[in-house]
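Asks: One structure, pasted below without further comment.
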Amino acid sequence: MQLEEINNIQEVTVSGTVTAVQGMLIECAGIERLLSVGARCRILGQKSLTGLSPSIAAEVVGFRENKALLMPFGSIEGIGPGARVVIEESGSVCYPGEGWLGRVINPLGEPVDGKGPLAKGTKPYPLRAAPPDAHSRERVRGKLNTGIRSINTFLTCCRGQRMGIFAGSGVGKSIIMSMLARNSQADVNVIGLIGERSRELQEFIEDDLGEEGLKRSVVIVATSSEYALLRRQAAFMTMAVAECFRDAGKDVLCLMDSVTRFAMAQREIGLSAGEPPTSKGYTPTVFAELPKLLERAGPGKAGQGSITGLFTVLVEGDDTNEPIADTVRGILDGHIILDRAIAQRGRFPAVNILKSVSRTMPDCNSEQENALVQVARGLLSTYEDMAEMIRLGAYRKGSDPQVDQAIQYYPALENFLRQRKDETTDLATGYDELAKLLGIGNWRGAQV
C-alpha cells in the first residue's frame with residue numbers, strides 16, 4: 001500500500017441517508033456539508049448490509065435544497081430511501097507506471113485483461129489535472145511518423161500536436177486509429193476506448209495492435225454499456241496515464257475514441273443534475289469540460305516529453321459543423337476529415353485532403369516539402385472543381401491546360417492516398433513517392 005493511501009485512511013466513518021431516487025440520480029441527506037462536487041461516496045443497499053451483494057460507488061455531481069446529488073458507477077438495484085451513504089477517501093487519483101504497459105484497464109484503474117494485479121506507480125496522478133501553464137510549455141517540434149501516407153505527406157503531425165479525426169459512423173475511424181497505434185514511432189501509446197462496441201476490444205488488441213504494439217501501449221476501456229460516470233472517467237484516466245509517461249520524458253501518442261462519447265456522457269450527467277440543455281441538448285458543462293480535457297495533451301515543460309493527441313469525433317449526420325465537432329475543431333491544432341463519399345467509392349483511408357488541415361505542418365516541413373505538397377493539392381483541387389463536368393463528359397480535352405494536367409495525375413494521386421490496413425510508409429518514402437508520381441526529379445535540392 002502506498003504511503004499516500006495510508007495517510008488518506010479515515011479515522012472516523014461518516015454516513016448519511018438516501019432520501020430519494022429519481023432515474024440514475026440519488027439524493028442524500030445528513031452529510032451534505034461534508035461533501036463537495038466530485039467527492040466519492042459508497043451507497044449500502046439493504047442487500048449490501050446483509051453481505052449478499054456489493055455496495056455501489058457514487059460521485060457527487062451537485063446539490064439541491066440542502067441535499068447532495070449522487071450518480072452511481074454501477075447498477076442502483078437494491079437502493080432505496082433509507083439506504084446508508086458512506087463518505088470515502090478521494091478516488092480521484094491513480095498510480096500509473098511502467099508496469100501498466102501491455103495492460104488493459106477499466107476507468108477505475110482496475111485490470112480487465114486477466115493478467116493478474118496491476119502494479120502501482122510511486123506517484124499519484126489526479127484524474128482531473130489542470131493543463132500545464134501555457135508560458136512554461138515547450139514548443140511543438142519534430143515530426144511524428146504515423147505510417148499513413150496521406151497523413152505523413154499532406155497532414156504532417158508534429159510531436160506534441162493535437163489533431164481531430166472527424167467522421168460519421170462506418171467511415172473508417174477505428175481502422176485509421178488502429179493503423180496509427182500499430183505504425184507510429186512514439187515511445188508509448190495510451191489508447192482510450194470510450195463508449196465503443198464491446199465486441200471490438202479483442203479484435204483491436206489482437207488484430208490491430210498485435211503483441212508488439214500492446215507491449216508499448218496502455219489501453220483504457222469503457223464500453224457503450226457502461227454508466228455515464230465511467231465513460232467520462234475513462235477519458236480522464238486516459239489523460240492521467242499519458243501525463244505519467246510524459247513526465248518520465250517519453251513521447252506519448254494518446255489516441256481517444258471518441259471525444260463525442262465523452263461529451264454525451266457529460267451531457268447525461270449534467271441533465272440529471274438539473275443543468276439546462278443548450279445546443280442540441282448539450283449542457284453548458286460539456287463545452288466547459290472539453291477544453292480542460294483536450295488542453296492536457298501537447299508538449300510538456302522543459303525536460304519532459306510530449307503528448308501527441310489524436311481524438312476522434314463522431315459527427316452526427318456527417319455534419320462537421322454540429323456543436324461538438326465545431327467546438328473541438330476550435331481547440332485542436334488541426335483536423336482530419338474522413339469523407340463518406342470517398343469511402344463509398346472504395347478508397348481507404350477516406351481522408352478528404354482538401355478539407356483537412358494540419359496547423360503545425362508548414363513550420364515543421366522544409367520549403368521543398370511544402371512546395372511539393374502544394375503542387376499535389378493544387379492538382380486535386382483543380383480536378384474536384386471540374387469533377388462534375390468531367391464525369392458528365394462536358395469537359396473537352398485541351399480547353400484548359402491545368403485541368404488537363406489534373407486529369408492526367410488524378411488517378412495516380414488517388415492510388416497514392418489509398419493504403420491497406422497492414423501497409424506502412426515512413427515520412428521520407430512518402431514524399432519521394434509523391435515526387436516520383438508527379439515526375440519531379442531531385443526535388444529535395446531543386447525548386448519545385
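Within each chain, counting starts at residue 1; across the C-alpha cells, chains are named A, B, ... in the order shown, with ligands numbered 1 upward in that order.
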Could you write out, as a list in words, all the residues of segment 275-361 of chain A that DSSP marks as strand (DSSP E or B)?

Replies: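 Strand (DSSP E or B) members of segment 275-361 of chain A, listed: Gly298, Pro299, Lys301, Ser306, Ile307, Thr308, Gly309, Leu310, Phe311, Thr312, Val313, Leu314, Gly334, His335, Ile336, Ile337, Leu338, Val351, Val357 and Ser358 of chain A.
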
Asks: Hey, can you spit out that residue selection with C-alpha atoms as a CSV table (one decimal), in the first residue's frame?

Replies:
```
chain,number,residue,atom,x,y,z
A,298,GLY,CA,0.5,18.8,-26.1
A,299,PRO,CA,4.2,19.4,-25.3
A,301,LYS,CA,7.6,21.6,-19.7
A,306,SER,CA,5.2,15.3,-25.1
A,307,ILE,CA,1.7,14.0,-25.6
A,308,THR,CA,0.6,13.9,-29.3
A,309,GLY,CA,-3.2,13.7,-29.1
A,310,LEU,CA,-5.3,12.2,-31.9
A,311,PHE,CA,-9.0,12.4,-30.9
A,312,THR,CA,-11.9,11.0,-33.0
A,313,VAL,CA,-15.1,13.0,-33.3
A,314,LEU,CA,-18.2,11.1,-34.3
A,334,GLY,CA,-5.7,20.6,-37.0
A,335,HIS,CA,-8.4,18.2,-38.3
A,336,ILE,CA,-8.6,15.2,-40.5
A,337,ILE,CA,-11.9,14.8,-42.3
A,338,LEU,CA,-13.0,11.3,-43.3
A,351,VAL,CA,-9.2,11.2,-45.9
A,357,VAL,CA,-5.5,20.8,-42.3
A,358,SER,CA,-2.5,20.5,-40.0
```

Asks: Can you list every residue in segment 217-327 of chain A that DSSP puts in helix (DSSP H, G or I), as an MDAnalysis selection string?

Replies: chainID A and resid 228:247 259:272 279:281 284:294 316:318 323:327

Asks: How many Å separate atom CA of Cys158 of chain A from atom CA of Cys364 of chain A?

Replies: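 So the two atoms, atom CA of Cys158 of chain A and atom CA of Cys364 of chain A, lie 7.2 Å apart.
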
Asks: Tell me, as a PyMOL selection string, which residues lie within 7 Å of Leu332 of chain A, counting only C-alpha atoms; anything in the same chain fewer than 3 positions away does not count.

Replies: chain A and resi 162-164+328-329

Asks: Could those residues be written to a file, using N, CA and C atoms, as a PDB file, in the first residue's frame?

Replies:
```pdb
ATOM      1  N   ARG A 162      -2.024  18.298 -31.426  1.00  0.00           N
ATOM      2  CA  ARG A 162      -3.328  17.708 -31.140  1.00  0.00           C
ATOM      3  C   ARG A 162      -4.172  17.785 -32.406  1.00  0.00           C
ATOM      4  N   MET A 163      -4.619  16.640 -32.880  1.00  0.00           N
ATOM      5  CA  MET A 163      -5.389  16.557 -34.126  1.00  0.00           C
ATOM      6  C   MET A 163      -6.721  15.868 -33.854  1.00  0.00           C
ATOM      7  N   GLY A 164      -7.746  16.279 -34.588  1.00  0.00           N
ATOM      8  CA  GLY A 164      -9.043  15.625 -34.512  1.00  0.00           C
ATOM      9  C   GLY A 164      -9.293  14.823 -35.775  1.00  0.00           C
ATOM     10  N   VAL A 328     -14.630  21.265 -30.812  1.00  0.00           N
ATOM     11  CA  VAL A 328     -13.359  20.544 -30.781  1.00  0.00           C
ATOM     12  C   VAL A 328     -12.406  21.082 -31.844  1.00  0.00           C
ATOM     13  N   ARG A 329     -12.919  21.372 -33.031  1.00  0.00           N
ATOM     14  CA  ARG A 329     -12.079  21.880 -34.115  1.00  0.00           C
ATOM     15  C   ARG A 329     -11.411  23.202 -33.719  1.00  0.00           C
TER      16      ARG A 329
END
```

Asks: How many Å separate atom CA of Glu32 of chain A from atom CA of Glu89 of chain A?

Replies: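 Spanning atom CA of Glu32 of chain A to atom CA of Glu89 of chain A is a straight-line distance of 15.4 Å.
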
Asks: Smallest atom-to-atom distance to Pro131 of chain A: which of A:Gly430, A:Pro349, A:Gly300, A:Pro362, using only C-alpha atoms?

Replies: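 The closest residue to Pro131 of chain A is A:Gly300.
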
Asks: So how far away is atom CA of Ser184 of chain A from atom CA of Phe416 of chain A, in Å?

Replies: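 We find that atom CA of Phe416 of chain A and atom CA of Ser184 of chain A lie 19.1 Å from each other.
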
Asks: Near Asn66 of chain A, counting only C-alpha atoms, which residues have an atom at most 12 Å away, once you skip same-chain residues fewer than 4 positions from it, shown as a list in words?

Replies: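 Surrounding residues, per the criterion: Thr19, Glu27, Cys28, Ala29, Gly30, Ile31, Glu32, Arg33, Leu34, Leu35 and Gly62 of chain A.
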
Asks: Counting only C-alpha atoms, what is within 10 Å of Val37 of chain A, bar same-chain residues fewer than 6 positions away, as a ChimeraX atom specification?

Replies: /A:59-63,68-70

Asks: Would you save the residues from that selection as an mmCIF file, in the first residue's frame, using C-alpha atoms?

Replies:
```cif
data_model
loop_
_atom_site.group_PDB
_atom_site.id
_atom_site.type_symbol
_atom_site.label_atom_id
_atom_site.label_comp_id
_atom_site.auth_asym_id
_atom_site.auth_seq_id
_atom_site.Cartn_x
_atom_site.Cartn_y
_atom_site.Cartn_z
ATOM 1 C CA GLU A 59 -19.887 10.532 -7.115
ATOM 2 C CA VAL A 60 -21.334 13.864 -6.017
ATOM 3 C CA VAL A 61 -22.483 15.774 -9.100
ATOM 4 C CA GLY A 62 -24.371 18.642 -7.452
ATOM 5 C CA PHE A 63 -26.555 19.896 -4.600
ATOM 6 C CA ALA A 68 -26.316 16.037 -2.150
ATOM 7 C CA LEU A 69 -26.999 14.652 -5.630
ATOM 8 C CA LEU A 70 -25.136 11.422 -6.342
#
```

Asks: May I ask which of the residues A:Ile43, A:Val190, A:Ala234, A:Ile165 is the closest one to Glu110 of chain A, counting only C-alpha atoms?

Replies: A:Ala234

Asks: So, counting only C-alpha atoms, which residue among A:Ala263, A:Ser136, A:Lys421, A:Glu226 is closest to Met177 of chain A?

Replies: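 The answer is A:Lys421, which sits nearest to Met177 of chain A.
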
Asks: Excluding Pro124 of chain A and residues on its chain fewer than 5 positions from it, collect all residues at most 8 Å away from it, counting only C-alpha atoms, and give them as a short mmCIF file (atom, residue, chain, number, x, y, z; two decimals) with N, CA and C atoms, in the first residue's frame.

Replies:
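Everything below was put into out-v4.cif:
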```cif
data_model
loop_
_atom_site.label_atom_id
_atom_site.label_comp_id
_atom_site.auth_asym_id
_atom_site.auth_seq_id
_atom_site.Cartn_x
_atom_site.Cartn_y
_atom_site.Cartn_z
N VAL A 93 -7.54 10.00 -7.90
CA VAL A 93 -6.14 9.87 -8.32
C VAL A 93 -5.88 8.44 -8.77
N CYS A 94 -4.84 8.27 -9.57
CA CYS A 94 -4.40 6.94 -9.99
C CYS A 94 -2.89 6.87 -9.85
N TYR A 95 -2.33 5.66 -9.91
CA TYR A 95 -0.90 5.44 -9.73
C TYR A 95 -0.32 4.69 -10.92
N PRO A 96 -0.27 5.34 -12.10
CA PRO A 96 0.27 4.64 -13.27
C PRO A 96 1.79 4.52 -13.19
#
```

Asks: Could you give me, as an mmCIF file with N, CA, C and O atoms, in the first residue's frame, the residues within 9 Å of Val315 of chain A, counting only C-alpha atoms and dropping anything in the same chain fewer than 6 positions from it?

Replies:
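So the final result, stored in out_33.cif, reads:
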```cif
data_model
loop_
_atom_site.group_PDB
_atom_site.id
_atom_site.type_symbol
_atom_site.label_atom_id
_atom_site.label_comp_id
_atom_site.auth_asym_id
_atom_site.auth_seq_id
_atom_site.Cartn_x
_atom_site.Cartn_y
_atom_site.Cartn_z
ATOM 1 N N PHE A 166 -12.394 13.552 -37.763
ATOM 2 C CA PHE A 166 -13.831 13.795 -37.823
ATOM 3 C C PHE A 166 -14.458 12.880 -38.866
ATOM 4 O O PHE A 166 -14.021 12.843 -40.024
ATOM 5 N N ALA A 167 -15.487 12.148 -38.470
ATOM 6 C CA ALA A 167 -16.139 11.232 -39.412
ATOM 7 C C ALA A 167 -17.487 10.810 -38.879
ATOM 8 O O ALA A 167 -17.734 10.817 -37.666
ATOM 9 N N GLY A 168 -18.368 10.418 -39.799
ATOM 10 C CA GLY A 168 -19.628 9.800 -39.416
ATOM 11 C C GLY A 168 -19.399 8.336 -39.085
ATOM 12 O O GLY A 168 -18.284 7.819 -39.172
ATOM 13 N N SER A 169 -20.461 7.644 -38.723
ATOM 14 C CA SER A 169 -20.334 6.229 -38.375
ATOM 15 C C SER A 169 -20.052 5.399 -39.619
ATOM 16 O O SER A 169 -20.600 5.660 -40.692
ATOM 17 N N THR A 260 -16.686 12.528 -28.728
ATOM 18 C CA THR A 260 -18.143 12.697 -28.767
ATOM 19 C C THR A 260 -18.821 11.882 -27.674
ATOM 20 O O THR A 260 -19.774 12.346 -27.034
ATOM 21 N N ASN A 321 -20.125 20.520 -38.820
ATOM 22 C CA ASN A 321 -20.351 21.794 -38.134
ATOM 23 C C ASN A 321 -21.310 21.658 -36.962
ATOM 24 O O ASN A 321 -21.784 22.666 -36.437
ATOM 25 N N GLU A 322 -21.637 20.414 -36.568
ATOM 26 C CA GLU A 322 -22.501 20.243 -35.398
ATOM 27 C C GLU A 322 -21.749 20.707 -34.147
ATOM 28 O O GLU A 322 -20.523 20.856 -34.174
ATOM 29 N N ILE A 324 -20.461 19.758 -31.135
ATOM 30 C CA ILE A 324 -19.246 19.166 -30.567
ATOM 31 C C ILE A 324 -18.094 19.248 -31.558
ATOM 32 O O ILE A 324 -16.967 19.614 -31.203
ATOM 33 N N ALA A 325 -18.354 18.911 -32.823
ATOM 34 C CA ALA A 325 -17.300 18.976 -33.839
ATOM 35 C C ALA A 325 -16.769 20.393 -33.980
ATOM 36 O O ALA A 325 -15.555 20.617 -34.078
#
```
